[in-house]
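Visitor: This is run02.cif (mmCIF, C-alpha atoms).
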```cif
data_run
loop_
_atom_site.label_atom_id
_atom_site.label_comp_id
_atom_site.auth_asym_id
_atom_site.auth_seq_id
_atom_site.Cartn_x
_atom_site.Cartn_y
_atom_site.Cartn_z
CA MET A 253 0.28 -58.42 2.24
CA THR A 254 3.94 -58.44 1.40
CA ARG A 255 6.55 -56.25 2.97
CA LYS A 256 7.11 -54.42 -0.32
CA ARG A 257 3.40 -53.59 -0.66
CA ARG A 258 3.22 -52.27 2.94
CA ARG A 259 6.17 -50.00 2.26
CA LEU A 260 4.49 -48.70 -0.90
CA TYR A 261 1.24 -47.92 0.99
CA LEU A 262 3.20 -46.17 3.73
CA LEU A 263 5.05 -44.01 1.18
CA LEU A 264 1.79 -43.17 -0.60
CA ALA A 265 0.13 -42.22 2.70
CA CYS A 266 3.10 -40.02 3.68
CA GLY A 267 3.11 -38.37 0.23
CA LEU A 268 -0.62 -37.71 0.46
CA GLY A 269 -0.20 -36.20 3.96
CA VAL A 270 2.69 -33.93 2.93
CA GLY A 271 0.84 -32.86 -0.22
CA SER A 272 -2.33 -32.04 1.74
CA ALA A 273 -0.39 -30.07 4.36
CA SER A 274 1.41 -28.11 1.63
CA ALA A 275 -1.84 -27.31 -0.16
CA LEU A 276 -3.47 -26.10 3.07
CA ALA A 277 -0.45 -23.94 3.96
CA LEU A 278 -0.33 -22.33 0.52
CA THR A 279 -4.06 -21.63 0.62
CA ALA A 280 -3.74 -20.01 4.04
CA PHE A 281 -0.83 -17.82 2.90
CA GLN A 282 -2.65 -16.74 -0.24
CA SER A 283 -5.63 -15.40 1.70
CA SER A 284 -3.39 -13.37 4.04
CA LEU A 285 -1.11 -11.83 1.41
CA THR A 286 -1.28 -8.05 1.18
CA PHE A 287 0.02 -6.51 -2.04
CA PHE A 288 1.48 -3.00 -2.27
CA VAL A 289 -0.11 -0.79 -4.93
CA THR A 290 0.10 2.82 -6.02
CA PRO A 291 -2.83 4.98 -7.17
CA THR A 292 -1.67 4.59 -10.80
CA GLN A 293 -1.72 0.79 -10.47
CA ILE A 294 -5.26 0.94 -9.07
CA ALA A 295 -6.37 3.17 -11.96
CA THR A 296 -4.86 0.90 -14.61
CA HIS A 297 -5.41 -2.61 -13.19
CA HIS A 298 -8.70 -2.18 -11.23
CA PRO A 299 -8.17 -4.70 -8.39
CA PRO A 300 -11.29 -6.58 -7.28
CA PRO A 301 -13.36 -4.98 -4.48
CA GLY A 302 -12.76 -6.50 -1.06
CA HIS A 303 -9.18 -7.69 -1.78
CA VAL A 304 -6.82 -6.45 0.98
CA LEU A 305 -4.15 -4.07 -0.36
CA ARG A 306 -1.50 -1.67 0.91
CA LEU A 307 -1.95 1.68 -0.84
CA GLY A 308 1.11 3.92 -0.73
CA GLY A 309 1.75 7.47 -1.80
CA LEU A 310 1.53 11.05 -0.62
CA VAL A 311 -1.50 12.71 0.98
CA GLN A 312 -2.76 15.18 -1.61
CA ARG A 313 -2.90 18.82 -0.55
CA GLY A 314 -6.34 20.20 0.25
CA SER A 315 -7.97 16.77 0.23
CA VAL A 316 -8.22 16.01 3.98
CA LYS A 317 -11.79 16.27 5.33
CA HIS A 318 -12.70 15.38 8.94
CA LEU A 319 -16.27 14.10 9.53
CA LEU A 320 -18.23 12.20 12.16
CA ALA A 321 -19.72 8.82 11.22
CA GLY A 322 -21.91 7.28 13.91
CA GLY A 323 -20.10 9.20 16.65
CA LYS A 324 -16.68 8.08 15.42
CA PRO A 325 -14.18 10.30 13.62
CA GLU A 326 -14.04 9.64 9.89
CA VAL A 327 -11.39 11.10 7.63
CA ARG A 328 -11.51 11.34 3.85
CA PHE A 329 -8.42 12.22 1.88
CA ALA A 330 -6.73 11.49 -1.42
CA VAL A 331 -3.48 9.56 -1.84
CA THR A 332 -1.47 10.40 -4.94
CA ASP A 333 1.69 9.24 -6.63
CA GLY A 334 1.89 12.40 -8.73
CA ARG A 335 0.02 10.89 -11.66
CA ASP A 336 -3.25 9.51 -10.26
CA ALA A 337 -5.09 9.86 -6.96
CA VAL A 338 -7.33 7.52 -4.97
CA THR A 339 -9.90 8.69 -2.41
CA VAL A 340 -9.41 7.02 0.97
CA THR A 341 -11.90 6.82 3.86
CA TYR A 342 -10.74 5.89 7.33
CA ILE A 343 -12.82 5.59 10.51
CA GLY A 344 -10.74 6.11 13.59
CA VAL A 345 -8.02 8.33 14.92
CA LEU A 346 -5.15 9.03 12.53
CA PRO A 347 -1.51 8.85 13.63
CA SER A 348 -0.29 12.14 15.10
CA LEU A 349 2.25 12.51 12.27
CA PHE A 350 -0.42 12.35 9.53
CA ARG A 351 -0.63 15.54 7.43
CA GLU A 352 -0.95 16.74 3.85
CA GLY A 353 2.08 16.25 1.62
CA GLN A 354 3.61 13.35 3.51
CA GLY A 355 4.10 9.72 2.59
CA ILE A 356 1.68 7.18 4.04
CA VAL A 357 0.66 3.56 3.61
CA ALA A 358 -3.03 2.72 4.03
CA ILE A 359 -4.05 -0.90 4.55
CA GLY A 360 -7.57 -1.77 3.42
CA SER A 361 -9.63 -2.66 0.38
CA LEU A 362 -11.23 -1.02 -2.59
CA GLY A 363 -14.93 -0.45 -2.11
CA PRO A 364 -17.71 0.08 -4.61
CA GLY A 365 -17.25 3.28 -6.59
CA GLY A 366 -13.46 3.12 -6.39
CA THR A 367 -13.10 4.49 -2.84
CA PHE A 368 -10.37 2.85 -0.79
CA ARG A 369 -11.61 1.90 2.70
CA ALA A 370 -8.63 1.85 5.04
CA THR A 371 -8.56 -0.23 8.21
CA GLU A 372 -5.13 1.10 9.19
CA VAL A 373 -3.11 4.18 8.23
CA LEU A 374 0.65 4.27 8.77
CA ALA A 375 2.52 7.58 8.67
CA LYS A 376 6.22 8.23 8.44
CA HIS A 377 8.02 8.59 11.73
CA ASP A 378 10.36 11.48 10.91
CA SER A 379 11.11 13.96 8.15
CA ASP A 380 13.57 11.70 6.34
CA TYR A 381 11.63 8.43 6.20
CA MET A 382 9.27 7.05 3.59
CA PRO A 383 8.33 3.35 3.17
CA LYS A 384 10.65 1.56 0.75
CA ASP A 385 7.75 0.40 -1.44
CA VAL A 386 6.63 4.02 -1.89
CA VAL A 387 10.19 5.12 -2.73
CA ALA A 388 10.51 2.35 -5.34
CA ALA A 389 7.15 3.25 -6.90
CA LEU A 390 8.03 6.97 -7.05
CA LYS A 391 11.42 6.21 -8.60
CA LYS A 392 9.78 3.93 -11.18
CA SER A 393 7.19 6.57 -12.09
CA GLY A 394 9.93 9.19 -12.52
CA HIS A 395 8.88 11.46 -9.64
CA TRP A 396 12.10 11.03 -7.68
CA MET A 397 15.27 12.14 -9.38
CA PRO A 398 18.21 11.46 -7.01
CA ALA A 399 20.69 12.89 -9.52
CA GLN A 400 19.12 16.36 -9.18
CA GLY A 401 20.67 16.89 -5.76
CA ALA A 402 19.08 17.52 -2.39
CA PRO A 403 15.30 17.50 -2.46
CA PRO A 404 13.10 20.34 -1.21
CA PRO A 405 11.15 19.95 2.05
CA ALA A 406 8.36 17.35 2.05
CA SER A 407 5.72 20.09 2.19
CA THR A 408 6.66 21.19 -1.37
CA TRP A 409 6.95 17.78 -3.06
CA TRP A 410 3.87 18.18 -5.22
CA ASP A 411 3.77 21.99 -5.44
CA LYS A 412 2.87 22.46 -9.12
CA THR A 413 4.09 26.07 -9.12
CA ARG A 414 7.60 25.01 -8.12
CA PHE A 415 8.02 21.73 -10.01
CA SER A 416 6.52 20.03 -13.01
CA ALA A 417 4.68 16.77 -12.27
CA ALA A 418 7.27 14.78 -14.22
CA ALA A 419 10.22 16.10 -12.22
CA ALA A 420 8.80 16.54 -8.73
CA PRO A 421 11.56 15.21 -6.47
CA VAL A 422 10.85 13.07 -3.44
CA HIS A 423 13.24 12.38 -0.58
CA ALA A 424 13.61 9.10 1.27
CA ALA A 425 15.92 7.46 3.74
CA SER A 426 19.04 5.98 2.22
CA GLU A 427 18.58 2.35 1.28
#
```
Show me, as structure tokens, the structure contained in the file I just sent.
Guide:
Amino acid sequence: MTRKRRRLYLLLACGLGVGSASALALTAFQSSLTFFVTPTQIATHHPPPGHVLRLGGLVQRGSVKHLLAGGKPEVRFAVTDGRDAVTVTYIGVLPSLFREGQGIVAIGSLGPGGTFRATEVLAKHDSDYMPKDVVAALKKSGHWMPAQGAPPPASTWWDKTRFSAAAAPVHAASE
């Protein structure tokens, strides 16, 4: 075997190794990616059941129901973006800041029947904070109008008697 041929085999082996490592890394990343969605995106795109998602929006008023499932606390509530709502079930203890009318992000997957099964629920940490993905989605849907001045308190964000659904302002931390 000539020196030139050995070099060619070595380069081919290295290329095959780098290509295989890249393919394995990309496959591993793809299975662990978690996409952010809003209730409207779930209603229009119908993601496949079992795919891990981050659902963001506001907890709909009057939708929180506390139950017991096998001796563990189960909570059912609806998350809305002002246009559509998704029912969420969560088994476990909710964060102490969780309440109706506030922004949350639920991590989980869509189950049969369109119910979102959350494995983790994240609540805002103070009255001025909302996750950036939720803010962007609410701005895009037209529910946050920064030009209209200071927003009302979070408890009145989706109060239909005070605001129309198209102009319900939402407040978030400055970006």
Visitor: Report the distance between CA of Gly365 (chain A) and CA of Val338 (chain A) in Å, rounded to one decimal place.
Guide: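 Spanning CA of Gly365 (chain A) to CA of Val338 (chain A) is a straight-line distance of 10.9 Å.
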Visitor: Between CA of Val340 (chain A) and CA of Lys317 (chain A), measure the distance and give it in Å to one decimal.
Guide: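 Result for CA of Val340 (chain A) versus CA of Lys317 (chain A): 10.5 Å, one decimal.
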Visitor: Counting all atoms listed in the file, figure out which residue out of A:Tyr261, A:His318, A:Leu374, A:Phe368 gets nearest to Thr290 (chain A).
Guide: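 With all atoms listed in the file as the atom set, the closest residue is A:Phe368.
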Visitor: Env of Ile359 (chain A): 7 Å cut, atoms = only C-alpha atoms, seq-sep filter 4 positions within chain, self excluded. Answer as an MDAnalysis selection string.
Guide: chainID A and resid 305:307 370:373
Visitor: How far is it from CA of Ala321 (chain A) to CA of Arg369 (chain A), in Å with one decimal?
Guide: 13.6 Å
Visitor: List as a PyMOL selection string the residues having at least one atom at most 6 Å from position (-1.6, 5.7, 2.3) as given in the file, counting all atoms listed in the file.
Guide: chain A and resi 307-309+331+356-358
Visitor: Smallest atom-to-atom distance to Gly344 (chain A): which of A:Ala375, A:Ala330, A:Leu319, A:Leu263, using all atoms listed in the file?
Guide: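 With all atoms listed in the file as the atom set, the closest residue is A:Leu319.
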Visitor: Taking all atoms listed in the file into account, which of A:Ala273, A:Asp333, A:Gly355, A:Gly360 comes nearest Gln293 (chain A)?
Guide: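 Distance minimum relative to Gln293 (chain A) lands on A:Asp333.
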